[in-house]
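See structure below.
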Amino acid sequence: MYHEVPDLEFITLTKIAITLWSGQDIDNSIIEYFIQWDQRRIDNWTDIEESVNLKIENCQTLPTTLKIKLMGLVKPIGKRLKAMIQYTYDNEYLPNYFTSMLTWTFLGTINTEETIKTILKDENLSFEKRYVLASTYCLTDDVFTLWNNLSEVDKNNYLGGIMRRNIRCHLQIYWAYHVNYSNSDTLQERIQEQFNTTFQPCQFGLRCALAFSNLPAVKYFSKNVPVNVKLETYWYYFHNLELREGVAFVTDQEQSVIYIPDIICFILSELNEEQRMVSYERYAYFILKHFLEFPFQRLFWGNAKNTCRYLTKSQKSNLLQRITRKVSENYTDFDYETLRTELSKM
């Protein structure tokens, strides 16, 4: 269920939308948007989205029904593109071929690991910046190579714990310790001492990765954590989704919200049937809510049919309100009208 292949129409339209976002004129507009970081406004990014939509409107060979569906994909795909830039280049600089560096999936999501591998080849980025990217996304070979190219000042900043107050730096510090303390007991001692935690190093890494919905890092650490600890950590993540309900996100945490559905989908694929049902019994609403977001809407109905009994009346009402809002705001990336009708019958 969590590896379903979407229909050919969706795959084709997604590919077209990605291609439109990769045009040279759009590239230039994106570069202009990011280099003027002190003057950025939501309206500026909306203007870029409208430029992509205009290309669709002007296409004479595309039927109107497909144009509407295609325009519905422009915003969510652009949102992921924008988030990737913010996570990687942001204010540093942006190469004029950036969109060609992205590796996309047929779902309209970015393959972060492969994209970061490409970005690390950009010699215009400092070694320190490239170390940050490699360590954040757990690209182990690159981490060791780039660490050796860091200045002594940068190395001391990581090893001395100066940066531990910034949660965004925790994986960078983890890998600094990993490179320098090959003995597992020493590594564990340093992690527990610096972060005042009782977690084993890989459990600590998994929690850091989940905190920012960092899928490549989640996949890396999940392979090295005992099954019982992994399950406990996954449920801790779902519990945090519950705690976040109604809380406004700020700065880089706001970007990570985009990737929550990706993380949920991965976690559920890791669980057996019994563990999934326990997860739904406890957190059905918070899981289903995120399956209303691109590109996982097709998973919503199949899961809702099996787990609706775990929803309270208020939670079901909230889901219907979310779907209704998408209908009223003319979202066309999915058939929300049918989804609303079917859910209201349950």
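In the structure tokens, chains take the letters A, B, ... in the order shown, each chain's residues start at 1, and ligands count up from 1 in the order shown.
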Notebook entry, point to check: Mind checking DSSP for region 104-237 of chain A and telling me the helix (DSSP H, G or I) residues as a VMD selection string?
Noted result: chain A and resid 112 to 119 127 to 136 140 to 147 152 to 159 167 to 180 184 to 195 201 to 211 215 to 222 227 to 237
Item checked: Spatial neighbours of region 302-307 of chain A, 9 Å, only C-alpha atoms, chain gap at least 4 places, as a list in words -> Met1, Met277, Tyr280, Glu281, Ala284, Leu288, Arg298, Leu311, Leu343 and Met346 of chain A
Any chance you could export the current selection's N, CA, C and O atoms as a PDB file, in the first residue's frame?
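What landed in part.pdb:
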ATOM      1  N   MET A   1       0.820  -1.210   0.000  1.00  0.00           N
ATOM      2  CA  MET A   1       0.000   0.000   0.000  1.00  0.00           C
ATOM      3  C   MET A   1       0.854   1.261   0.000  1.00  0.00           C
ATOM      4  O   MET A   1       0.497   2.277  -0.560  1.00  0.00           O
ATOM      5  N   MET A 277      -1.338  -1.104  12.796  1.00  0.00           N
ATOM      6  CA  MET A 277      -2.662  -0.924  13.381  1.00  0.00           C
ATOM      7  C   MET A 277      -2.569  -0.264  14.749  1.00  0.00           C
ATOM      8  O   MET A 277      -3.423   0.552  15.118  1.00  0.00           O
ATOM      9  N   TYR A 280      -2.073   3.387  14.028  1.00  0.00           N
ATOM     10  CA  TYR A 280      -3.327   4.026  13.642  1.00  0.00           C
ATOM     11  C   TYR A 280      -4.273   4.170  14.828  1.00  0.00           C
ATOM     12  O   TYR A 280      -4.984   5.165  14.949  1.00  0.00           O
ATOM     13  N   GLU A 281      -4.314   3.181  15.675  1.00  0.00           N
ATOM     14  CA  GLU A 281      -5.192   3.259  16.840  1.00  0.00           C
ATOM     15  C   GLU A 281      -4.847   4.472  17.691  1.00  0.00           C
ATOM     16  O   GLU A 281      -5.716   5.129  18.255  1.00  0.00           O
ATOM     17  N   ALA A 284      -4.264   7.855  14.281  1.00  0.00           N
ATOM     18  CA  ALA A 284      -4.896   7.815  12.955  1.00  0.00           C
ATOM     19  C   ALA A 284      -5.109   9.207  12.364  1.00  0.00           C
ATOM     20  O   ALA A 284      -4.791   9.458  11.201  1.00  0.00           O
ATOM     21  N   LEU A 288      -3.504  10.459   8.847  1.00  0.00           N
ATOM     22  CA  LEU A 288      -4.400  10.713   7.717  1.00  0.00           C
ATOM     23  C   LEU A 288      -4.361  12.179   7.286  1.00  0.00           C
ATOM     24  O   LEU A 288      -4.445  12.488   6.090  1.00  0.00           O
ATOM     25  N   ARG A 298      -3.408   9.779  -2.748  1.00  0.00           N
ATOM     26  CA  ARG A 298      -3.961   8.501  -3.218  1.00  0.00           C
ATOM     27  C   ARG A 298      -3.928   7.436  -2.125  1.00  0.00           C
ATOM     28  O   ARG A 298      -4.609   6.402  -2.220  1.00  0.00           O
ATOM     29  N   LEU A 311     -10.976   7.254  14.627  1.00  0.00           N
ATOM     30  CA  LEU A 311     -11.141   8.708  14.650  1.00  0.00           C
ATOM     31  C   LEU A 311     -12.280   9.100  15.579  1.00  0.00           C
ATOM     32  O   LEU A 311     -13.330   8.456  15.603  1.00  0.00           O
ATOM     33  N   LEU A 343     -15.753  10.159   2.382  1.00  0.00           N
ATOM     34  CA  LEU A 343     -15.455  10.230   3.813  1.00  0.00           C
ATOM     35  C   LEU A 343     -16.688  10.592   4.623  1.00  0.00           C
ATOM     36  O   LEU A 343     -16.905  10.085   5.730  1.00  0.00           O
ATOM     37  N   MET A 346     -18.873   7.684   5.822  1.00  0.00           N
ATOM     38  CA  MET A 346     -18.345   6.729   6.798  1.00  0.00           C
ATOM     39  C   MET A 346     -18.789   7.066   8.217  1.00  0.00           C
ATOM     40  O   MET A 346     -18.945   8.230   8.553  1.00  0.00           O
TER      41      MET A 346
END
Note to self: Need the shell around Arg130 (chain A): protein/DNA/RNA residues with any atom at most 10 Å away, counting only C-alpha atoms. Skip same-chain ones fewer than 5 positions apart. Format as a ChimeraX atom specification?
What the structure shows: /A:88,116-117,119-125,135-136,142-143,146-147,150
Those same residues - N, CA and C atoms - I'd like them written as a PDB file, in the first residue's frame.
ATOM      1  N   THR A  88      19.832  23.993   0.921  1.00  0.00           N
ATOM      2  CA  THR A  88      21.167  23.806   0.364  1.00  0.00           C
ATOM      3  C   THR A  88      21.908  25.128   0.137  1.00  0.00           C
ATOM      4  N   ILE A 116      21.768  15.853  -3.354  1.00  0.00           N
ATOM      5  CA  ILE A 116      22.871  16.360  -2.527  1.00  0.00           C
ATOM      6  C   ILE A 116      24.211  15.858  -3.051  1.00  0.00           C
ATOM      7  N   LYS A 117      24.262  14.625  -3.520  1.00  0.00           N
ATOM      8  CA  LYS A 117      25.510  14.104  -4.097  1.00  0.00           C
ATOM      9  C   LYS A 117      25.966  14.976  -5.264  1.00  0.00           C
ATOM     10  N   ILE A 119      25.110  18.220  -5.733  1.00  0.00           N
ATOM     11  CA  ILE A 119      25.451  19.547  -5.208  1.00  0.00           C
ATOM     12  C   ILE A 119      26.842  19.549  -4.583  1.00  0.00           C
ATOM     13  N   LEU A 120      27.233  18.440  -3.970  1.00  0.00           N
ATOM     14  CA  LEU A 120      28.548  18.367  -3.326  1.00  0.00           C
ATOM     15  C   LEU A 120      29.691  18.496  -4.326  1.00  0.00           C
ATOM     16  N   LYS A 121      29.406  18.315  -5.602  1.00  0.00           N
ATOM     17  CA  LYS A 121      30.437  18.464  -6.632  1.00  0.00           C
ATOM     18  C   LYS A 121      30.657  19.928  -7.006  1.00  0.00           C
ATOM     19  N   ASP A 122      29.821  20.808  -6.490  1.00  0.00           N
ATOM     20  CA  ASP A 122      29.931  22.235  -6.796  1.00  0.00           C
ATOM     21  C   ASP A 122      31.085  22.839  -6.005  1.00  0.00           C
ATOM     22  N   GLU A 123      32.191  23.079  -6.659  1.00  0.00           N
ATOM     23  CA  GLU A 123      33.401  23.569  -5.986  1.00  0.00           C
ATOM     24  C   GLU A 123      33.291  25.031  -5.581  1.00  0.00           C
ATOM     25  N   ASN A 124      32.237  25.692  -6.001  1.00  0.00           N
ATOM     26  CA  ASN A 124      32.025  27.071  -5.552  1.00  0.00           C
ATOM     27  C   ASN A 124      31.501  27.126  -4.118  1.00  0.00           C
ATOM     28  N   LEU A 125      31.015  25.998  -3.628  1.00  0.00           N
ATOM     29  CA  LEU A 125      30.605  25.912  -2.225  1.00  0.00           C
ATOM     30  C   LEU A 125      31.826  25.614  -1.359  1.00  0.00           C
ATOM     31  N   SER A 135      26.991  15.731   6.083  1.00  0.00           N
ATOM     32  CA  SER A 135      26.713  15.187   7.416  1.00  0.00           C
ATOM     33  C   SER A 135      25.225  15.233   7.741  1.00  0.00           C
ATOM     34  N   THR A 136      24.546  16.274   7.288  1.00  0.00           N
ATOM     35  CA  THR A 136      23.105  16.376   7.536  1.00  0.00           C
ATOM     36  C   THR A 136      22.357  15.230   6.881  1.00  0.00           C
ATOM     37  N   ASP A 142      31.427  10.979   1.704  1.00  0.00           N
ATOM     38  CA  ASP A 142      31.716  12.403   1.551  1.00  0.00           C
ATOM     39  C   ASP A 142      32.031  13.064   2.893  1.00  0.00           C
ATOM     40  N   VAL A 143      31.380  12.606   3.955  1.00  0.00           N
ATOM     41  CA  VAL A 143      31.635  13.172   5.282  1.00  0.00           C
ATOM     42  C   VAL A 143      33.112  13.036   5.639  1.00  0.00           C
ATOM     43  N   LEU A 146      35.365  15.291   3.289  1.00  0.00           N
ATOM     44  CA  LEU A 146      35.201  16.727   3.521  1.00  0.00           C
ATOM     45  C   LEU A 146      35.715  17.134   4.898  1.00  0.00           C
ATOM     46  N   TRP A 147      35.585  16.249   5.880  1.00  0.00           N
ATOM     47  CA  TRP A 147      36.109  16.576   7.218  1.00  0.00           C
ATOM     48  C   TRP A 147      37.607  16.867   7.148  1.00  0.00           C
ATOM     49  N   LEU A 150      38.391  20.452   6.197  1.00  0.00           N
ATOM     50  CA  LEU A 150      37.944  21.566   7.028  1.00  0.00           C
ATOM     51  C   LEU A 150      39.131  22.250   7.705  1.00  0.00           C
TER      52      LEU A 150
END
Checklist line | Best match for closeness to Thr112 (chain A) among A:Thr14, A:Asn214, A:Ser344, A:Ser279, counting only C-alpha atoms | finding: A:Asn214
Item checked: Nearby residues (only C-alpha atoms) at most 12 Å from Phe296 (chain A), same-chain spacing under 3 positions excluded, as a ChimeraX atom specification -> /A:1-6,10,76,107-109,258-266,287-293,299-303,333-334
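The nearest approach to Asn53 (chain A) among the residues A:Lys69, A:Ile31, A:Lys82, A:Lys223, with only C-alpha atoms taken into account, belongs to A:Lys69.
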Item checked: Option closest in space to Gln200 (chain A), from A:Val225, A:Ala217, A:Ala176, A:Val327 [counting only C-alpha atoms] -> A:Val225
Next item on the list: Write out as number ranges by chain each polymer residue whose atoms come within 10 Å of Phe144 (chain A), counting only C-alpha atoms; drop sequence neighbours fewer than 4 positions from it.
Entry: A: 131, 134-135, 139-140, 148-149, 175-176, 178-180
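Checking A:Lys55, A:Arg282, A:Lys219, A:Lys75 one by one against Tyr310 (chain A), counting only C-alpha atoms, you find the shortest gap at A:Arg282.
Distance annotation: of A:Ile323, A:Ile56, A:Leu268, A:Leu171, the residue with the minimal separation from Glu342 (chain A) is A:Ile323; atom set is only C-alpha atoms.
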Check: Residues at most 12 Å from Leu81 (chain A), counting only C-alpha atoms, excluding those fewer than 6 positions away in the same chain, as number ranges by chain?
Finding: A: 17-18, 21-22, 26-27, 30, 45, 49, 74-75, 87-90, 98-104, 108-112, 115, 255, 258
